[in-house]
Structures are given as C-alpha cells and as structure tokens.
$ cat target_5.pdb   # PDB, C-alpha atoms
ATOM      1  CA  MET R   1      11.377  -8.004   9.026
ATOM      2  CA  TYR R   2      14.547  -7.105  10.924
ATOM      3  CA  ASN R   3      15.443  -4.571  13.591
ATOM      4  CA  LEU R   4      18.834  -2.944  12.918
ATOM      5  CA  LYS R   5      20.691  -1.636  15.956
ATOM      6  CA  SER R   6      24.430  -0.885  16.152
ATOM      7  CA  LYS R   7      24.900  -2.736  12.844
ATOM      8  CA  LYS R   8      23.320  -5.870  14.322
ATOM      9  CA  ALA R   9      20.156  -7.181  12.673
ATOM     10  CA  THR R  10      17.629  -8.918  14.911
ATOM     11  CA  LYS R  11      14.818 -10.787  13.243
ATOM     12  CA  ILE R  12      11.334  -9.645  14.201
ATOM     13  CA  GLU R  13       9.042 -12.648  14.202
ATOM     14  CA  LYS R  14       5.781 -12.563  12.280
ATOM     15  CA  VAL R  15       2.890 -13.718  14.484
ATOM     16  CA  THR R  16      -0.887 -13.899  14.262
ATOM     17  CA  PHE R  17      -3.418 -11.830  16.146
ATOM     18  CA  SER R  18      -4.654 -15.110  17.642
ATOM     19  CA  ASP R  19      -1.141 -15.779  18.991
ATOM     20  CA  LEU R  20      -1.220 -12.350  20.617
ATOM     21  CA  GLY R  21      -4.602 -13.020  22.220
ATOM     22  CA  LEU R  22      -6.153 -10.090  20.362
ATOM     23  CA  LEU R  23      -9.806 -10.150  19.363
ATOM     24  CA  GLU R  24     -11.357  -8.749  16.211
ATOM     25  CA  SER R  25     -12.771  -5.935  18.354
ATOM     26  CA  ASP R  26      -9.215  -5.000  19.429
ATOM     27  CA  ILE R  27      -8.094  -4.645  15.800
ATOM     28  CA  GLU R  28     -11.279  -2.729  15.075
ATOM     29  CA  GLU R  29     -10.399  -0.192  17.779
ATOM     30  CA  VAL R  30      -6.827   0.176  16.472
ATOM     31  CA  LEU R  31      -8.142   0.945  12.985
ATOM     32  CA  ARG R  32     -10.923   3.189  14.264
ATOM     33  CA  THR R  33      -8.351   5.557  15.732
ATOM     34  CA  ASN R  34      -5.635   4.974  13.095
ATOM     35  CA  ILE R  35      -7.498   4.408   9.829
ATOM     36  CA  ASP R  36      -4.630   5.953   7.865
ATOM     37  CA  MET R  37      -2.901   2.592   8.345
ATOM     38  CA  VAL R  38      -5.031   1.287   5.465
ATOM     39  CA  CYS R  39      -5.207   4.462   3.410
ATOM     40  CA  ASP R  40      -2.559   7.064   2.807
ATOM     41  CA  ASP R  41      -2.140  10.803   2.611
ATOM     42  CA  GLU R  42      -3.644  10.889  -0.895
ATOM     43  CA  GLU R  43      -7.086  10.208   0.580
ATOM     44  CA  SER R  44      -9.401  11.860   3.099
ATOM     45  CA  LEU R  45     -11.542   9.665   5.337
ATOM     46  CA  LEU R  46     -13.928  10.464   8.167
ATOM     47  CA  ILE R  47     -14.879   7.553  10.435
ATOM     48  CA  ILE R  48     -18.593   7.849  11.184
ATOM     49  CA  GLY R  49     -19.670   4.487  12.587
ATOM     50  CA  ARG R  50     -18.710   1.326  14.427
ATOM     51  CA  GLN R  51     -20.732  -1.891  14.678
ATOM     52  CA  VAL R  52     -23.687  -0.412  12.811
ATOM     53  CA  LYS R  53     -26.593  -2.849  12.697
ATOM     54  CA  ASN R  54     -28.822  -3.298   9.641
ATOM     55  CA  GLU R  55     -32.435  -4.530   9.541
ATOM     56  CA  LYS R  56     -31.289  -8.171   9.396
ATOM     57  CA  ASN R  57     -29.108  -7.727  12.525
ATOM     58  CA  GLY R  58     -25.887  -7.815  10.526
ATOM     59  CA  ARG R  59     -23.186  -5.560  11.981
ATOM     60  CA  SER R  60     -20.590  -3.732   9.882
ATOM     61  CA  ASP R  61     -17.268  -3.218  11.661
ATOM     62  CA  LEU R  62     -16.370   0.370  10.716
ATOM     63  CA  THR R  63     -18.086   2.915   8.505
ATOM     64  CA  ALA R  64     -16.505   6.005   6.937
ATOM     65  CA  ILE R  65     -17.100   8.579   4.243
ATOM     66  CA  ASP R  66     -14.343   9.508   1.763
ATOM     67  CA  ASN R  67     -13.351  12.615  -0.167
ATOM     68  CA  ASN R  68     -15.495  11.500  -3.140
ATOM     69  CA  GLY R  69     -18.611  11.370  -0.979
ATOM     70  CA  SER R  70     -18.694   7.561  -1.033
ATOM     71  CA  VAL R  71     -19.682   5.568   2.036
ATOM     72  CA  VAL R  72     -16.820   3.212   2.937
ATOM     73  CA  LEU R  73     -17.282  -0.106   4.741
ATOM     74  CA  ILE R  74     -14.216  -1.465   6.579
ATOM     75  CA  GLU R  75     -14.585  -5.153   7.438
ATOM     76  CA  ILE R  76     -11.999  -6.893   9.624
ATOM     77  CA  LYS R  77     -10.948 -10.461  10.288
ATOM     78  CA  ARG R  78      -8.016 -11.429  12.510
ATOM     79  CA  ASP R  79      -6.344 -14.205  10.567
ATOM     80  CA  ARG R  80      -6.753 -16.509   7.594
ATOM     81  CA  LYS R  81      -8.344 -19.186   9.788
ATOM     82  CA  ASP R  82     -11.099 -16.744  10.764
ATOM     83  CA  ILE R  83     -11.847 -16.107   7.083
ATOM     84  CA  GLU R  84     -11.842 -19.768   6.090
ATOM     85  CA  GLY R  85     -13.912 -20.782   9.115
ATOM     86  CA  ARG R  86     -16.895 -18.588   8.171
ATOM     87  CA  LYS R  87     -20.074 -20.035   6.660
ATOM     88  CA  GLU R  88     -20.473 -16.884   4.572
ATOM     89  CA  ALA R  89     -17.581 -15.627   2.449
ATOM     90  CA  PHE R  90     -15.768 -12.585   3.879
ATOM     91  CA  GLU R  91     -16.287 -10.482   0.737
ATOM     92  CA  PHE R  92     -19.992 -11.306   0.422
ATOM     93  CA  GLN R  93     -20.629 -10.355   4.034
ATOM     94  CA  ALA R  94     -19.183  -6.923   3.219
ATOM     95  CA  ILE R  95     -21.252  -6.669   0.021
ATOM     96  CA  ARG R  96     -24.457  -7.231   2.015
ATOM     97  CA  TYR R  97     -23.570  -4.364   4.348
ATOM     98  CA  ALA R  98     -22.634  -2.088   1.429
ATOM     99  CA  ALA R  99     -25.999  -2.846  -0.187
ATOM    100  CA  SER R 100     -27.698  -1.629   3.008
ATOM    101  CA  TYR R 101     -25.795   1.666   2.852
ATOM    102  CA  ALA R 102     -26.718   2.126  -0.817
ATOM    103  CA  THR R 103     -30.302   2.788   0.302
ATOM    104  CA  ILE R 104     -29.286   5.944   2.213
ATOM    105  CA  LYS R 105     -30.336   8.953   0.149
ATOM    106  CA  SER R 106     -29.392  11.975   2.290
ATOM    107  CA  VAL R 107     -26.761  13.217   4.699
ATOM    108  CA  GLU R 108     -29.482  13.702   7.298
ATOM    109  CA  GLU R 109     -30.434  10.027   7.103
ATOM    110  CA  LEU R 110     -26.798   8.924   7.385
ATOM    111  CA  VAL R 111     -26.262  11.121  10.449
ATOM    112  CA  LYS R 112     -29.435   9.929  12.144
ATOM    113  CA  ILE R 113     -28.769   6.213  11.589
ATOM    114  CA  VAL R 114     -24.967   6.070  11.763
ATOM    115  CA  TYR R 115     -22.985   9.145  12.776
ATOM    116  CA  ALA R 116     -25.062  10.594  15.641
ATOM    117  CA  PRO R 117     -25.051   7.275  17.581
ATOM    118  CA  TYR R 118     -21.286   7.045  16.957
ATOM    119  CA  ILE R 119     -20.694  10.562  18.326
ATOM    120  CA  GLU R 120     -22.892   9.752  21.316
ATOM    121  CA  LYS R 121     -20.882   6.591  22.014
ATOM    122  CA  TYR R 122     -17.519   8.395  21.792
ATOM    123  CA  LYS R 123     -18.665  11.830  22.997
ATOM    124  CA  GLU R 124     -15.437  12.345  24.982
ATOM    125  CA  GLU R 125     -13.646  12.559  21.605
ATOM    126  CA  PHE R 126     -15.901  15.346  20.318
ATOM    127  CA  ALA R 127     -16.403  18.971  21.302
ATOM    128  CA  LEU R 128     -20.201  19.027  21.457
ATOM    129  CA  ASN R 129     -20.500  22.328  23.313
ATOM    130  CA  GLU R 130     -24.207  23.229  23.043
ATOM    131  CA  LEU R 131     -24.862  20.978  20.049
ATOM    132  CA  THR R 132     -26.625  17.631  20.065
ATOM    133  CA  SER R 133     -24.857  14.602  18.581
ATOM    134  CA  TYR R 134     -27.112  14.868  15.533
ATOM    135  CA  GLU R 135     -26.402  18.593  15.027
ATOM    136  CA  LEU R 136     -22.641  18.127  15.335
ATOM    137  CA  GLY R 137     -22.659  15.101  13.017
ATOM    138  CA  LEU R 138     -24.628  16.992  10.392
ATOM    139  CA  ARG R 139     -22.271  19.962  10.608
ATOM    140  CA  LYS R 140     -19.116  17.820  10.376
ATOM    141  CA  ILE R 141     -20.238  15.702   7.411
ATOM    142  CA  LYS R 142     -21.555  18.696   5.465
ATOM    143  CA  GLU R 143     -18.281  20.559   6.069
ATOM    144  CA  PHE R 144     -16.285  17.467   5.034
ATOM    145  CA  LEU R 145     -18.258  17.110   1.789
ATOM    146  CA  LYS R 146     -18.104  20.830   1.015
ATOM    147  CA  VAL R 147     -14.356  21.153   1.512
ATOM    148  CA  ASN R 148     -13.800  18.061  -0.654
ATOM    149  CA  ASN R 149     -16.197  19.324  -3.385
ATOM    150  CA  ALA R 150     -18.280  16.181  -2.932
ATOM    151  CA  ILE R 151     -21.710  17.478  -1.886
ATOM    152  CA  ASP R 152     -23.292  16.557  -5.236
ATOM    153  CA  LYS R 153     -21.647  13.118  -5.195
ATOM    154  CA  PHE R 154     -22.869  12.027  -1.764
ATOM    155  CA  ASN R 155     -23.258   8.234  -1.592
ATOM    156  CA  GLU R 156     -23.327   7.775  -5.363
ATOM    157  CA  ASN R 157     -20.993   4.846  -4.747
ATOM    158  CA  GLN R 158     -20.012   2.575  -1.897
ATOM    159  CA  ARG R 159     -16.524   1.231  -1.245
ATOM    160  CA  ILE R 160     -15.364  -1.775   0.723
ATOM    161  CA  ILE R 161     -12.030  -2.271   2.494
ATOM    162  CA  LEU R 162     -11.229  -5.769   3.794
ATOM    163  CA  VAL R 163      -8.504  -6.082   6.428
ATOM    164  CA  ALA R 164      -6.853  -9.251   7.787
ATOM    165  CA  SER R 165      -3.378 -10.424   8.728
ATOM    166  CA  GLU R 166      -3.561 -12.997   5.906
ATOM    167  CA  PHE R 167      -6.022 -13.720   3.085
ATOM    168  CA  ASP R 168      -6.996 -17.008   1.485
ATOM    169  CA  GLU R 169      -6.784 -17.516  -2.283
ATOM    170  CA  GLN R 170     -10.565 -17.817  -2.700
ATOM    171  CA  THR R 171     -11.165 -14.364  -1.186
ATOM    172  CA  LEU R 172      -8.452 -12.737  -3.295
ATOM    173  CA  SER R 173      -9.781 -14.446  -6.416
ATOM    174  CA  ALA R 174     -13.331 -13.218  -5.745
ATOM    175  CA  VAL R 175     -12.222  -9.659  -4.934
ATOM    176  CA  ALA R 176     -10.018  -9.500  -8.062
ATOM    177  CA  TRP R 177     -13.019 -10.541 -10.173
ATOM    178  CA  LEU R 178     -15.248  -7.978  -8.448
ATOM    179  CA  ASN R 179     -12.631  -5.256  -9.038
ATOM    180  CA  LYS R 180     -12.454  -6.108 -12.721
ATOM    181  CA  ASN R 181     -16.241  -5.792 -12.838
ATOM    182  CA  LYS R 182     -16.171  -2.289 -11.336
ATOM    183  CA  VAL R 183     -16.863  -3.141  -7.678
ATOM    184  CA  ASP R 184     -14.637  -0.899  -5.519
ATOM    185  CA  MET R 185     -13.203  -3.342  -2.990
ATOM    186  CA  SER R 186      -9.696  -3.339  -1.488
ATOM    187  CA  CYS R 187      -7.743  -5.952   0.487
ATOM    188  CA  PHE R 188      -5.152  -4.857   3.033
ATOM    189  CA  LYS R 189      -2.919  -7.100   5.087
ATOM    190  CA  LEU R 190      -2.318  -5.835   8.620
ATOM    191  CA  ILE R 191       0.621  -7.960   9.719
ATOM    192  CA  PRO R 192       1.690  -8.172  13.384
ATOM    193  CA  TYR R 193       5.333  -8.735  14.368
ATOM    194  CA  LYS R 194       6.730  -9.268  17.826
ATOM    195  CA  LEU R 195      10.134  -8.265  19.199
ATOM    196  CA  GLY R 196      10.402  -8.976  22.914
ATOM    197  CA  SER R 197       7.394  -7.296  24.494
ATOM    198  CA  GLU R 198       6.984  -4.870  21.568
ATOM    199  CA  ILE R 199       4.325  -5.388  18.885
ATOM    200  CA  TYR R 200       4.814  -3.874  15.418
ATOM    201  CA  LEU R 201       2.214  -3.634  12.661
ATOM    202  CA  ASP R 202       2.989  -3.554   8.958
ATOM    203  CA  THR R 203       0.445  -2.925   6.198
ATOM    204  CA  GLU R 204       0.429  -4.192   2.641
ATOM    205  CA  LYS R 205      -2.148  -3.477  -0.062
ATOM    206  CA  LEU R 206      -2.941  -6.617  -2.030
ATOM    207  CA  LEU R 207      -5.851  -5.411  -4.151
ATOM    208  CA  PRO R 208      -6.706  -3.661  -6.381
ATOM    209  CA  VAL R 209      -3.759  -4.158  -8.747
ATOM    210  CA  ALA R 210      -3.124  -3.367 -12.390
ATOM    211  CA  ASN R 211      -3.286  -7.017 -13.530
ATOM    212  CA  TYR R 212      -5.868  -9.249 -11.861
ATOM    213  CA  ASP R 213      -5.049 -12.468 -13.724
ATOM    214  CA  ASP R 214      -2.468 -13.465 -11.116
ATOM    215  CA  PHE R 215      -5.177 -13.569  -8.455
ATOM    216  CA  TYR R 216      -7.758 -15.754 -10.200
ATOM    217  CA  VAL R 217      -8.060 -19.286  -8.868
ATOM    218  CA  ASN R 218      -8.304 -21.446 -11.980
ATOM    219  CA  LEU R 219     -10.704 -24.334 -12.377
ATOM    220  CA  LEU R 220      -8.768 -27.477 -11.549
ATOM    221  CA  ASP R 221      -7.226 -29.152 -14.593
ATOM    222  CA  LYS R 222      -5.833 -32.469 -13.418
ATOM    223  CA  SER R 223      -3.558 -32.707 -16.443
ATOM    224  CA  GLU R 224      -1.662 -29.594 -15.361
ATOM    225  CA  PRO R 225       0.313 -29.082 -12.146
ATOM    226  CA  ALA R 226      -1.290 -26.689  -9.671
ATOM    227  CA  GLN R 227       0.075 -23.138  -9.830
ATOM    228  CA  ARG R 228       0.723 -20.920  -6.860
ATOM    229  CA  VAL R 229      -1.364 -17.765  -6.562
ATOM    230  CA  SER R 230       0.528 -14.477  -6.471
ATOM    231  CA  LYS R 231       0.941 -13.000  -2.995
ATOM    232  CA  GLY R 232       0.375  -9.510  -4.335
ATOM    233  CA  ILE R 233       2.320  -6.291  -4.432
ATOM    234  CA  THR R 234       3.005  -3.523  -1.971
ATOM    235  CA  ARG R 235       1.192  -0.235  -2.283
ATOM    236  CA  ARG R 236       2.332   2.096  -5.049
ATOM    237  CA  ALA R 237       2.446   5.693  -3.950
ATOM    238  CA  LEU R 238       3.048   9.072  -5.493
ATOM    239  CA  PRO R 239       6.281  10.815  -4.473
ATOM    240  CA  LYS R 240       6.098  12.190  -0.943
ATOM    241  CA  ILE R 241       7.370  15.381   0.662
ATOM    242  CA  ASP R 242      10.889  14.008   1.241
ATOM    243  CA  THR R 243      11.224  13.431  -2.510
ATOM    244  CA  MET R 244       9.872  16.909  -3.241
ATOM    245  CA  LEU R 245      12.534  18.348  -0.945
ATOM    246  CA  THR R 246      15.179  16.398  -2.870
ATOM    247  CA  TRP R 247      13.816  17.749  -6.147
ATOM    248  CA  GLY R 248      14.144  21.272  -4.763
ATOM    249  CA  VAL R 249      10.558  22.281  -5.602
ATOM    250  CA  VAL R 250      10.069  23.048  -1.907
ATOM    251  CA  LYS R 251      12.700  23.657   0.745
ATOM    252  CA  ALA R 252      13.159  23.550   4.505
ATOM    253  CA  GLY R 253      11.906  26.780   6.061
ATOM    254  CA  ASP R 254       9.048  27.232   3.574
ATOM    255  CA  ILE R 255       5.686  28.137   5.091
ATOM    256  CA  ILE R 256       2.858  25.663   4.580
ATOM    257  CA  ARG R 257      -0.724  26.885   5.040
ATOM    258  CA  ALA R 258      -3.807  24.736   5.580
ATOM    259  CA  LYS R 259      -6.328  25.040   2.751
ATOM    260  CA  ASP R 260      -9.139  27.550   3.451
ATOM    261  CA  ARG R 261      -7.620  28.325   6.867
ATOM    262  CA  GLU R 262      -5.183  30.767   8.404
ATOM    263  CA  ASP R 263      -3.173  28.057  10.200
ATOM    264  CA  GLU R 264       0.473  27.846   9.142
ATOM    265  CA  ALA R 265       3.451  25.572   9.763
ATOM    266  CA  ILE R 266       7.163  25.615   8.943
ATOM    267  CA  LEU R 267       8.430  22.852   6.664
ATOM    268  CA  LEU R 268      11.422  20.992   8.120
ATOM    269  CA  LYS R 269      14.226  19.272   6.194
ATOM    270  CA  ASN R 270      12.925  15.801   7.142
ATOM    271  CA  GLY R 271       9.469  16.512   5.653
ATOM    272  CA  ASN R 272       7.737  17.138   8.972
ATOM    273  CA  VAL R 273       6.429  20.549  10.017
ATOM    274  CA  LYS R 274       6.930  22.711  13.095
ATOM    275  CA  VAL R 275       3.782  24.146  14.675
ATOM    276  CA  ASP R 276       3.892  26.177  17.898
ATOM    277  CA  GLY R 277       7.369  24.829  18.599
ATOM    278  CA  LYS R 278       6.290  21.173  18.149
ATOM    279  CA  GLU R 279       7.403  18.850  15.359
ATOM    280  CA  LEU R 280       4.580  16.913  13.708
ATOM    281  CA  SER R 281       4.094  14.982  10.511
ATOM    282  CA  MET R 282       2.138  17.023   7.988
ATOM    283  CA  GLN R 283      -0.622  14.371   7.994
ATOM    284  CA  VAL R 284      -1.052  14.593  11.786
ATOM    285  CA  TRP R 285      -1.036  18.404  11.750
ATOM    286  CA  LEU R 286      -3.741  18.586   9.084
ATOM    287  CA  LYS R 287      -5.802  15.732  10.555
ATOM    288  CA  ASN R 288      -5.889  17.540  13.889
ATOM    289  CA  LEU R 289      -6.885  20.832  12.253
ATOM    290  CA  TYR R 290      -9.764  19.416  10.235
ATOM    291  CA  GLY R 291     -10.791  16.752  12.733
ATOM    292  CA  TRP R 292     -10.824  13.952  10.142
ATOM    293  CA  SER R 293      -9.587  10.384  10.398
ATOM    294  CA  SER R 294      -7.283  10.715   7.364
ATOM    295  CA  ILE R 295      -6.623  13.600   4.979
ATOM    296  CA  GLN R 296      -5.347  14.225   1.453
ATOM    297  CA  THR R 297      -2.194  15.887   2.727
ATOM    298  CA  TYR R 298      -0.962  17.187  -0.619
ATOM    299  CA  VAL R 299      -4.341  18.681  -1.545
ATOM    300  CA  PHE R 300      -4.861  20.454   1.783
ATOM    301  CA  ALA R 301      -1.274  21.728   2.227
ATOM    302  CA  ILE R 302      -0.709  25.072   0.458
ATOM    303  CA  HIS R 303       2.829  26.279  -0.271
ATOM    304  CA  LYS R 304       2.510  29.885   0.888
ATOM    305  CA  GLU R 305       5.119  31.443  -1.432
ATOM    306  CA  SER R 306       3.645  29.983  -4.643
ATOM    307  CA  ASN R 307       0.047  29.737  -3.363
ATOM    308  CA  LYS R 308      -0.148  26.272  -4.922
ATOM    309  CA  THR R 309      -1.062  23.007  -3.269
ATOM    310  CA  LEU R 310       1.742  20.508  -2.818
ATOM    311  CA  SER R 311      -0.228  18.271  -5.178
ATOM    312  CA  GLU R 312      -0.132  20.945  -7.912
ATOM    313  CA  ILE R 313       3.599  21.561  -7.394
ATOM    314  CA  ARG R 314       4.322  17.832  -7.542
ATOM    315  CA  GLU R 315       2.210  17.312 -10.663
ATOM    316  CA  GLU R 316       3.784  20.253 -12.499
ATOM    317  CA  TYR R 317       7.298  18.996 -11.760
ATOM    318  CA  MET R 318       6.498  15.437 -12.854
ATOM    319  CA  ILE R 319       4.918  16.639 -16.136
ATOM    320  CA  GLU R 320       7.925  18.888 -16.759
ATOM    321  CA  GLN R 321      10.318  15.960 -16.267
ATOM    322  CA  GLU R 322       8.213  13.741 -18.505
ATOM    323  CA  LEU R 323       8.340  16.328 -21.283
ATOM    324  CA  LYS R 324      12.118  16.613 -20.937
ATOM    325  CA  GLU R 325      12.481  12.852 -21.301
ATOM    326  CA  ILE R 326      10.309  12.874 -24.436
ATOM    327  CA  GLN R 327      12.361  15.717 -25.956
ATOM    328  CA  GLU R 328      15.613  13.891 -25.233
TER
END
$ encode --input "target_5.pdb" --output "structure tokens"
Amino acid sequence: MYNLKSKKATKIEKVTFSDLGLLESDIEEVLRTNIDMVCDDEESLLIIGRQVKNEKNGRSDLTAIDNNGSVVLIEIKRDRKDIEGRKEAFEFQAIRYAASYATIKSVEELVKIVYAPYIEKYKEEFALNELTSYELGLRKIKEFLKVNNAIDKFNENQRIILVASEFDEQTLSAVAWLNKNKVDMSCFKLIPYKLGSEIYLDTEKLLPVANYDDFYVNLLDKSEPAQRVSKGITRRALPKIDTMLTWGVVKAGDIIRAKDREDEAILLKNGNVKVDGKELSMQVWLKNLYGWSSIQTYVFAIHKESNKTLSEIREEYMIEQELKEIQE
C-alpha cells in the first residue's frame, strides 16, 4: 500500500498487531464499534454481546444478529502465529460457540443471556430512560427483526465470521470445506499498516468464494512438487451510489428518505448526504437513525421522487442493461 501526496508515493509498511503492541481485546473493541469493517452496506448487523460465556466457560468475542434473523459469532485472532499456536483450531472454537447459540429458542432468552448484560456493560451508549436493560434490549431486537422482516426466521441459522491479520492454510482449507458443506463461515483479513505515527487498517474478504478448490490443502503426494495455496480474492460488491450517480438513475440534489421514517437527506454529487447542514456518508446517517451497528443502506434508503429503494432502482437498471446486451 502506498500513500500518494503531491505526486510522490510513500510506501506504507504492513505490520502485525503484535508489532503494534495491540492485544486481541483491542481489536475486539475496534470491531465492536466499527463492525461494518467486516461487512458492507448490503447487510444489517446489530452487535448484542461481547465476551459471552457459555456453560463450559468458553467466551465468544463478539455476538450480533443480522437482517436474516441469524445469530452471528465474530471470533478474532491478532496474527497468524496466534492461530497456529492454539491447541484447538480457530474455526472449531467458533463452531463450539455457534452450537451454544443454536440452543436459544426465543428473543427473550437471547436478551436475558446476551443483550441485556451487554447493554448494562455499555449503558453510556444507550438511551435507557425509564427502561431496564432487558426491556430496552427486547424492544431493540424486536424492532430490528420486524423492520428486516425476519421475526419468523429468528435464529434458524447461525453464522460465523473469523477475523485475523493473516490466516494459515489449514484454517482456510477447513473453512472452505465447511462452506461447501453449507456451514456459513467467513474469513476476513484485517491488515494493519503503519506510516509514521499513523495506523491504517485494510480489510479483505478471503472466504466464502465461488470456487473453493484453490483453498483445499491437498494430501501430500511426494511424487509431485508442493503447490502454493491461493491467497484469496478481494470482496466483490454490487455497484454503489457513486456508480448510480454516473448511470444517471439518481442525481445530486435528490431527496433520500429513511425507510418507514420521516427523516430525509439531500444526496450530494460525491454519494454522501447532507443532513441538518452536515455531510455524512449514507451508511453513517442511516446507522445513526436506526441505532444499528451496520445497515443495508440500499434497502433502507428511499428515493423520494420515485418512492423506490436504491436497491430497487439499481436492480431495475442492471436488468434493463442486461436485456439490452442480450438483444444486441
């Protein structure tokens, strides 16, 4: 990675979290308050727990619920050495925790065991007013599930997100196999870089991918030379608001309304929005409104003139272009 300033490129050195003197708990706190680093604006997430202990005294790093009603486990390791130095494999540790969450049958149980203690621990971040931590947690999760049409799908599935600055081949091989066998597990690299006293973080999604064969570690055949394992691919994403502005399907000055709310913002030419005279990214504006950790921006942003979500506008345009290409 390079920093470009006045046409001069300065290399930004890749480091490890160990080099920086950061602990796993430090990374955990960064992700707790910035979980959209390992998901994007096509997904809604609500962080509901940190260091939740199960009956066997195992502790899961972060716990969330997503827009499909699934409980999400986020497990963190600093560096590759931390993964390789464990007695128990990184991915199997996470599977044990996910199995514990699979036993939760109701929102009330999840709030009592996980979310209410979390709210109590971070009560300065919540507007409790006259509510107890349990009452507020119940209200927030039920609202989250209702708005995302996921009430009937609550905890039908569990997801796992593994985060580290570097992964070993054995972990990637195991996760690729689990993915292919319908286990919803993702691997994200959270890569630290240092430039002077400044620390930069870059994220890269390694798994899941379309073709898992590149990630399998083959049984050793001494008659064949060892093959390197693929280092993965960067995250594929749907076109974002800047592309939609280029297409002309939306334009600067358009009014964007939050779904099921009266709140409005003005779309700017750079893809951000202006709210009460302040410029914000659309993700930040909507996250603040709904009080979630991450939000499906294009589902919850309504284009006022057409009364369609940005997701609907984007999909219609892409289908239209696809049909034109077929006809040509």
$ residues_near_point --input "target_5.pdb" --point "(-23.8, -2.0, 1.5)" --cutoff "10 Å" --atoms "all atoms listed in the file" --output "PyMOL selection string"
chain R and resi 54+60+71-73+93-104+157-160
$ residues_around --input "target_5.pdb" --residues "region 24-26 of chain R" --least-positions-apart "5" --cutoff "12 Å" --atoms "only C-alpha atoms" --output "ChimeraX atom specification"
/R:16-18,31-33,50-51,60-62,75-79,82-83,163-165
$ resolve_selection --input "target_5.pdb" --expression "the PyMOL selection byres ((chain R and resi 194) around 6)" --output "PDB file with C-alpha atoms, keeping the file's coordinate frame"
ATOM      1  CA  ILE R  12      11.334  -9.645  14.201  1.00  0.00           C
ATOM      2  CA  GLU R  13       9.042 -12.648  14.202  1.00  0.00           C
ATOM      3  CA  TYR R 193       5.333  -8.735  14.368  1.00  0.00           C
ATOM      4  CA  LEU R 195      10.134  -8.265  19.199  1.00  0.00           C
ATOM      5  CA  GLU R 198       6.984  -4.870  21.568  1.00  0.00           C
ATOM      6  CA  ILE R 199       4.325  -5.388  18.885  1.00  0.00           C
TER       7      ILE R 199
END
$ resolve_selection --input "target_5.pdb" --expression "the PyMOL selection byres ((chain R and resi 287) around 12)" --output "MDAnalysis selection string"
chainID R and resid 33:36 41 43:46 144 258 280:286 288:297 300:301
$ write_last_selection --input "target_5.pdb" --atoms "C-alpha atoms" --output "JSON list (two decimals), keeping the file's coordinate frame"
[["chain", "number", "residue", "atom", "x", "y", "z"],
["R", 33, "THR", "CA", -8.35, 5.56, 15.73],
["R", 34, "ASN", "CA", -5.64, 4.97, 13.10],
["R", 35, "ILE", "CA", -7.50, 4.41, 9.83],
["R", 36, "ASP", "CA", -4.63, 5.95, 7.86],
["R", 41, "ASP", "CA", -2.14, 10.80, 2.61],
["R", 43, "GLU", "CA", -7.09, 10.21, 0.58],
["R", 44, "SER", "CA", -9.40, 11.86, 3.10],
["R", 45, "LEU", "CA", -11.54, 9.66, 5.34],
["R", 46, "LEU", "CA", -13.93, 10.46, 8.17],
["R", 144, "PHE", "CA", -16.28, 17.47, 5.03],
["R", 258, "ALA", "CA", -3.81, 24.74, 5.58],
["R", 280, "LEU", "CA", 4.58, 16.91, 13.71],
["R", 281, "SER", "CA", 4.09, 14.98, 10.51],
["R", 282, "MET", "CA", 2.14, 17.02, 7.99],
["R", 283, "GLN", "CA", -0.62, 14.37, 7.99],
["R", 284, "VAL", "CA", -1.05, 14.59, 11.79],
["R", 285, "TRP", "CA", -1.04, 18.40, 11.75],
["R", 286, "LEU", "CA", -3.74, 18.59, 9.08],
["R", 288, "ASN", "CA", -5.89, 17.54, 13.89],
["R", 289, "LEU", "CA", -6.88, 20.83, 12.25],
["R", 290, "TYR", "CA", -9.76, 19.42, 10.24],
["R", 291, "GLY", "CA", -10.79, 16.75, 12.73],
["R", 292, "TRP", "CA", -10.82, 13.95, 10.14],
["R", 293, "SER", "CA", -9.59, 10.38, 10.40],
["R", 294, "SER", "CA", -7.28, 10.72, 7.36],
["R", 295, "ILE", "CA", -6.62, 13.60, 4.98],
["R", 296, "GLN", "CA", -5.35, 14.22, 1.45],
["R", 297, "THR", "CA", -2.19, 15.89, 2.73],
["R", 300, "PHE", "CA", -4.86, 20.45, 1.78],
["R", 301, "ALA", "CA", -1.27, 21.73, 2.23]]
$ residues_around --input "target_5.pdb" --residues "Ile302 (chain R)" --least-positions-apart "3" --cutoff "9 Å" --atoms "all atoms listed in the file" --output "ChimeraX atom specification"
/R:255-259,298-299,305-311
$ residues_around --input "target_5.pdb" --residues "Glu279 (chain R)" --least-positions-apart "4" --cutoff "10 Å" --atoms "all atoms listed in the file" --output "PyMOL selection string"
chain R and resi 265-268+272-275+285
$ write_last_selection --input "target_5.pdb" --atoms "C-alpha atoms" --output "PDB file, keeping the file's coordinate frame"
ATOM      1  CA  ALA R 265       3.451  25.572   9.763  1.00  0.00           C
ATOM      2  CA  ILE R 266       7.163  25.615   8.943  1.00  0.00           C
ATOM      3  CA  LEU R 267       8.430  22.852   6.664  1.00  0.00           C
ATOM      4  CA  LEU R 268      11.422  20.992   8.120  1.00  0.00           C
ATOM      5  CA  ASN R 272       7.737  17.138   8.972  1.00  0.00           C
ATOM      6  CA  VAL R 273       6.429  20.549  10.017  1.00  0.00           C
ATOM      7  CA  LYS R 274       6.930  22.711  13.095  1.00  0.00           C
ATOM      8  CA  VAL R 275       3.782  24.146  14.675  1.00  0.00           C
ATOM      9  CA  TRP R 285      -1.036  18.404  11.750  1.00  0.00           C
TER      10      TRP R 285
END
$ atom_distance --input "target_5.pdb" --atom1 "CA of Asn270 (chain R)" --atom2 "CA of Tyr2 (chain R)"
23.3 Å
$ resolve_selection --input "target_5.pdb" --expression "the PyMOL selection byres ((chain R and resi 192) around 6)" --output "ChimeraX atom specification"
/R:15,191,193,200-201
$ atom_distance --input "target_5.pdb" --atom1 "CA of Ile141 (chain R)" --atom2 "CA of Gly58 (chain R)"
24.4 Å
$ atom_distance --input "target_5.pdb" --atom1 "CA of Ile74 (chain R)" --atom2 "CA of Leu162 (chain R)"
5.9 Å
$ closest_residue --input "target_5.pdb" --among "R:Asp152, R:Asp242, R:Glu320, R:Glu328" --to "Val107 (chain R)" --atoms "all atoms listed in the file"
R:Asp152
